[in-house]
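**Q** Structure below; questions to follow.
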Amino acid sequence: MAEHGSRHGIAVAGAGLALLAALGPTSAGAAPRNADTGTGAGPGSAAASRFVPGPCPRTPEPIEALATARCGFLEVPENRARPGGRTIRLAVAVIPAASAKPARDPVVFMSGGPGGETFDDIPFLVSSGLNRDRELIIMAQRGNLYDKPDLACPELDRFYARSVGLPSYAPQTERAMLDAVKQCRDRLAADGTDLSAYNSAENAADFAGLRTALGIKQWNVYGHSYGSNLALTYLRLHPQGIRAVALDSVAPAQYVSLPFAWATAREGLDNLYTACAAEPRCKNRYPDLERTVNEQVRKLQAQPLTLSVRPPQGGDPVKVVLDGGALVNLLVAKAIPFKDVPAAIDELGRGRPERFARARAAGSVQVDGQTAHGLTQSVVCSEWVPGHSPSDVLKAGREAFPQWPESVQAQAPQLAFQSPMCRIWNVPDRTTGQRVATTSSVPTLFINGTFDMKTSPSWARKAASSLSHSTTVQVPGIGHWVVPQSPCAQKVLASFLARPSAPDTGCVAGLRWEPFTITPK
């Protein structure tokens with residue numbers, strides 16, 4: 001799902017300066033250099049994809065795995081429905097397996113966002129064992145950093161950095177955001193970018209083209225968050241050559257829309273409340289956790305706090321406005337570790353907002369160009385926003401959190417002002433072809449965290465109903481993007497990749513959430 005600031009609720013590892021490496025044959029069998037594959041053109045086609053070996057991306061901080069990776073670009077049509085149009089280049093890295101005798105079927109990764117930078121996920125993937133027994137293939141989705149073109153919007157990055165000092169949903173905040181969106185769109189359009197071509201169907205066709213361009217007979221797919229949405233789209237449109245699909249923090253295409261963001265926030269927050277109530281020390285220390293959250297959302301929205309706070313990353317203090325909308329967004333984003341949330345809420349209710357204020361101040365440190373907002377907005381505005389009005393979002397907010405102020409209920413968590421933003425972005429409605437359930441017999445694994453407030457576990461159960469060989473796992477106490485945070489989830493994923501039809505999920509049964517922090521009264 002779309003994110004800004006700290007991605008996935010995990011501290012983002014630094015990207016790294018890569019050694020130059022040319023891409024040679026892979027263990028799965030590679031196509032000749034500069035291989036040109038595919039014939040037909042049009043939506044859903046993987047036509048005219050060509051792999052060109054080249055150096056690995058030059059990234060700000062060293063990524064150890066790229067030192068031995070084989071890299072290059074996948075050249076694809078920007079818009080497959082327009083033969084003869086512009087060609088774009090997508091950055092690719094093939095990370096060798098740690099095993100001396102790797103499996104012949106690699107795993108390809110589909111990152112979240114949409115628009116999240118892919119290469120800085122590599123340390124998490126490697127530490128989670130994704131390349132232990134097979135090659136790990138990374139491709140930056142179209143428009144991402146290190147692609148050509150790169151659909152970054154520094155205008156929006158600068159807005160998000162300033163927005164920590166603005167009321168979340170005030171008219172002046174909306175105007176500033178829409179102005180940044182218009183500047184970005186105008187600049188990208190002037191550069192010749194066809195924003196209508198940056199969508200999940202084209203993204204999926206890119207991955208289908210990558211498999212054939214690399215000469216890989218069969219591979220496994222691992223996607224998280226929006227990457228799970230993309231993986232399901234890929235499985236539906238291009239099932240050839242897919243051995244197994246693992247979906248982490250699944251966001252099924254048929255369900256993703258702005259109103260549903262409220263239901264997922266409710267489910268994740270309820271699971272956190274239930275866990276605290278089931279833990280005697282937490283229940284005794286914080287007996288009114290839900291009531292306190294509701295009170296603070298109302299109070300802060302009516303009377304926001306304005307503070308001067310030093311960002312946790314360092315630097316000078318910045319102005320921070322902490323209102324009800326900001327509190328909700330910080331909770332959904334896991335800006336505070338879940339084990340500390342009851343304590344932080346209790347402190348807030350006692351007039352000590354420091355934890356939430358520091359988390360809000362962290363958003364003032366943005367890396368210009370890190371997020372491909374051009375891809376983000378093109379997907380959101382063509383696939384998530386159409387078909388639902390602002391009143392639908394407000395209705396969903398009221399149903400999920402009836403005690404919260406209307407000004408908070410009217411904006412989907414972490415997705416404010418999307419309707420006016422999409423009027424500016426102006427890309428075609430693709431919901432008819434995108435909000436479709438994937439039906440398949442390919443073995444599929446769903447892994448979700450019970451505290452995830454962005455992509456709820458119930459989505460996994462619903463999506464699994466049309467996938468006849470599926471396994472669903474819920475990991476207690478984990479939020480968004482489970483595998484890097486859970487050794488058990490890593491074991492389940494490894495077992496699934498080894499035996500997709502019979503993964504070992506035994507470690508899940510004994511899991512509990514991390515005990516909540518108990519502060520003195």
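A note on labels: chains of the structure tokens are A, B, ... as shown, every chain counts residues from 1, and ligands are counted from 1 in their shown order.
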Within 6 Å of region 238-245 of chain A, counting only C-alpha atoms, which residues show up once you throw out same-chain ones fewer than 2 positions away? Write them as a list in words, please.
**A**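 Contacts, with the query itself left out: Lys217, Gln218, Trp219, Asn220, Val221, Tyr222, Tyr234, Leu235, Arg236, Val442, Pro443 and Thr444 of chain A.
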**Q** With only C-alpha atoms as the counted atoms, please give the residues lying no more than 9 Å from Thr517 (chain A), apart from itself and same-chain residues fewer than 3 positions off, as a VMD selection string.
**A** chain A and resid 282 339 to 343
**Q** DSSP on the backbone: which residues in region 240-302 of chain A end up as helix (DSSP H, G or I)? Give the answer as a ChimeraX atom specification.
**A** /A:258-278,280-285,289-302
**Q** DSSP on the backbone, then: every residue of region 127-307 of chain A marked strand (DSSP E), written as a list in words.
**A** Leu136, Ile137, Ile138, Met139, Trp219, Asn220, Val221, Tyr222, Gly223, His224, Ile242, Arg243, Ala244, Val245, Ala246, Leu247, Asp248, Leu305, Thr306 and Leu307 of chain A
**Q** Using C-alpha atoms, can you export the residues from the last selection as a short mmCIF file (atom, residue, chain, number, x, y, z; two decimals), in the first residue's frame?
**A**
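Okay, part33.cif is ready:
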```
data_model
loop_
_atom_site.label_atom_id
_atom_site.label_comp_id
_atom_site.auth_asym_id
_atom_site.auth_seq_id
_atom_site.Cartn_x
_atom_site.Cartn_y
_atom_site.Cartn_z
CA LEU A 136 16.98 -13.93 -6.00
CA ILE A 137 15.89 -11.69 -8.86
CA ILE A 138 15.17 -8.03 -8.25
CA MET A 139 13.57 -5.69 -10.77
CA TRP A 219 10.35 -19.33 -11.18
CA ASN A 220 8.72 -18.51 -7.85
CA VAL A 221 7.14 -15.16 -7.01
CA TYR A 222 7.33 -13.34 -3.66
CA GLY A 223 5.47 -10.05 -3.30
CA HIS A 224 4.56 -7.92 -0.32
CA ILE A 242 5.03 -19.66 -12.32
CA ARG A 243 5.88 -22.51 -9.94
CA ALA A 244 4.60 -20.94 -6.69
CA VAL A 245 3.47 -17.56 -5.33
CA ALA A 246 4.07 -16.20 -1.81
CA LEU A 247 2.06 -13.17 -0.74
CA ASP A 248 3.14 -11.17 2.31
CA LEU A 305 -0.55 20.42 19.76
CA THR A 306 2.20 22.49 18.14
CA LEU A 307 5.65 21.44 19.30
#
```
**Q** Have a look at CA of Ser456 (chain A) and CA of Val492 (chain A) and let me know their distance in Å, one decimal.
**A** 19.4 Å
**Q** Find the residue from A:Leu394, A:Leu327, A:Val483, A:Met453 that sits nearest to Ser127 (chain A); use only C-alpha atoms when measuring.
**A**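 Of A:Leu394, A:Leu327, A:Val483, A:Met453, the one nearest Ser127 (chain A) is A:Val483, counting only C-alpha atoms.
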**Q** Identify, on the basis of only C-alpha atoms, every residue whose closest approach to Cys276 (chain A) does not exceed 10 Å; exclude the query and any residue fewer than 4 positions from it along the same chain; express the result as a PDB file with C-alpha atoms, in the first residue's frame.
**A**
```
ATOM      1  CA  ASP A 270      -8.888  -4.266  17.317  1.00  0.00           C
ATOM      2  CA  ASN A 271      -6.346  -7.083  17.266  1.00  0.00           C
ATOM      3  CA  LEU A 272      -3.928  -4.902  19.212  1.00  0.00           C
ATOM      4  CA  PRO A 280      -2.708  -9.489  32.342  1.00  0.00           C
ATOM      5  CA  ARG A 281       0.003  -6.874  32.923  1.00  0.00           C
ATOM      6  CA  CYS A 282      -1.127  -4.822  29.913  1.00  0.00           C
ATOM      7  CA  LYS A 283      -4.788  -5.141  30.816  1.00  0.00           C
ATOM      8  CA  ASN A 284      -4.169  -4.067  34.412  1.00  0.00           C
ATOM      9  CA  ARG A 285      -1.915  -1.147  33.485  1.00  0.00           C
ATOM     10  CA  TYR A 286      -3.903   0.113  30.484  1.00  0.00           C
ATOM     11  CA  PRO A 287      -7.516  -1.003  31.119  1.00  0.00           C
ATOM     12  CA  LEU A 289      -6.783   1.638  25.926  1.00  0.00           C
ATOM     13  CA  LYS A 339       4.840  -3.209  21.963  1.00  0.00           C
ATOM     14  CA  PRO A 342      -0.263   1.167  24.877  1.00  0.00           C
ATOM     15  CA  TRP A 513       3.165 -11.231  20.277  1.00  0.00           C
ATOM     16  CA  PRO A 515       5.034  -8.457  25.519  1.00  0.00           C
ATOM     17  CA  PHE A 516       3.803  -4.893  25.756  1.00  0.00           C
TER      18      PHE A 516
END
```
**Q** Just the residues within 12 Å of Asp133 (chain A), please, counting only C-alpha atoms, with nothing from its chain fewer than 3 positions along; format it as a list in words.
**A**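 Residues near the query, excluding close chain neighbours: Ser27, Ile95, Pro96, Ala97, Ala98, Ser99, Ala100, Lys101, Pro102, Ala103, Arg104, Asp105, Pro106, Val107, Val126, Ser128, Gly129, Leu130, Leu136, Leu493, Ala494, Ser495, Leu497 and Ala498 of chain A.
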**Q** Env of region 345-359 of chain A: 9 Å cut, atoms = only C-alpha atoms, seq-sep filter 4 positions within chain, self excluded. Answer as a list in words.
**A**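 Here the qualifying residues turn out to be Tyr286, Leu289, Thr292, Val293, Glu295, Gln296, Leu305, Leu307, Ser308, Val309, Arg310, Pro311, Pro312, Val320, Val321, Leu322, Ala326, Leu327, Leu330, Ala335, Ile336, Asp340, Val341 and Gly363 of chain A.
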**Q** Do you know which residues are at most 8 Å from region 188-201 of chain A counting only C-alpha atoms, after dropping those on the same chain fewer than 4 positions away, and could you put them as a VMD selection string?
**A** chain A and resid 43 to 44 78 to 79 142 to 143 151 184 205 230 233 to 234 237 374 to 375 378 to 379 382 427 to 428 434
**Q** Just the selected residues (C-alpha atoms), exported as a PDB file, in the first residue's frame, please.
**A**
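Generated output (selection-v9.pdb):
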```pdb
ATOM      1  CA  PRO A  43      -2.663  -4.974 -22.844  1.00  0.00           C
ATOM      2  CA  GLY A  44      -1.506  -7.965 -20.865  1.00  0.00           C
ATOM      3  CA  GLU A  78       6.275   2.154 -22.203  1.00  0.00           C
ATOM      4  CA  ASN A  79       2.765   1.479 -23.497  1.00  0.00           C
ATOM      5  CA  ARG A 142       8.508   0.822 -13.993  1.00  0.00           C
ATOM      6  CA  GLY A 143       9.225   4.399 -12.973  1.00  0.00           C
ATOM      7  CA  LEU A 151       9.105   8.961 -11.975  1.00  0.00           C
ATOM      8  CA  CYS A 184       5.127  16.979 -10.635  1.00  0.00           C
ATOM      9  CA  ALA A 205       3.738  -7.728 -18.349  1.00  0.00           C
ATOM     10  CA  LEU A 230       0.926  -7.098  -8.520  1.00  0.00           C
ATOM     11  CA  THR A 233      -2.344  -9.633 -11.294  1.00  0.00           C
ATOM     12  CA  TYR A 234       0.717 -11.312 -12.795  1.00  0.00           C
ATOM     13  CA  LEU A 237      -2.602 -12.446 -16.729  1.00  0.00           C
ATOM     14  CA  GLY A 374       4.571   9.057 -10.470  1.00  0.00           C
ATOM     15  CA  LEU A 375       3.937   5.306 -10.313  1.00  0.00           C
ATOM     16  CA  SER A 378      -0.884   6.466 -11.573  1.00  0.00           C
ATOM     17  CA  VAL A 379      -1.807   3.194  -9.850  1.00  0.00           C
ATOM     18  CA  SER A 382      -6.519   4.386 -12.027  1.00  0.00           C
ATOM     19  CA  VAL A 427      -5.283   8.870 -15.845  1.00  0.00           C
ATOM     20  CA  PRO A 428      -7.884   6.409 -17.196  1.00  0.00           C
ATOM     21  CA  GLN A 434      -8.037  -4.696 -12.396  1.00  0.00           C
TER      22      GLN A 434
END
```
**Q** Which residue is closest to Thr59 (chain A)? Choose from A:Pro317, A:Gln370, A:Tyr169, A:Gly510 and count only C-alpha atoms.
**A**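 Using only C-alpha atoms, the shortest distance to Thr59 (chain A) belongs to A:Gln370.
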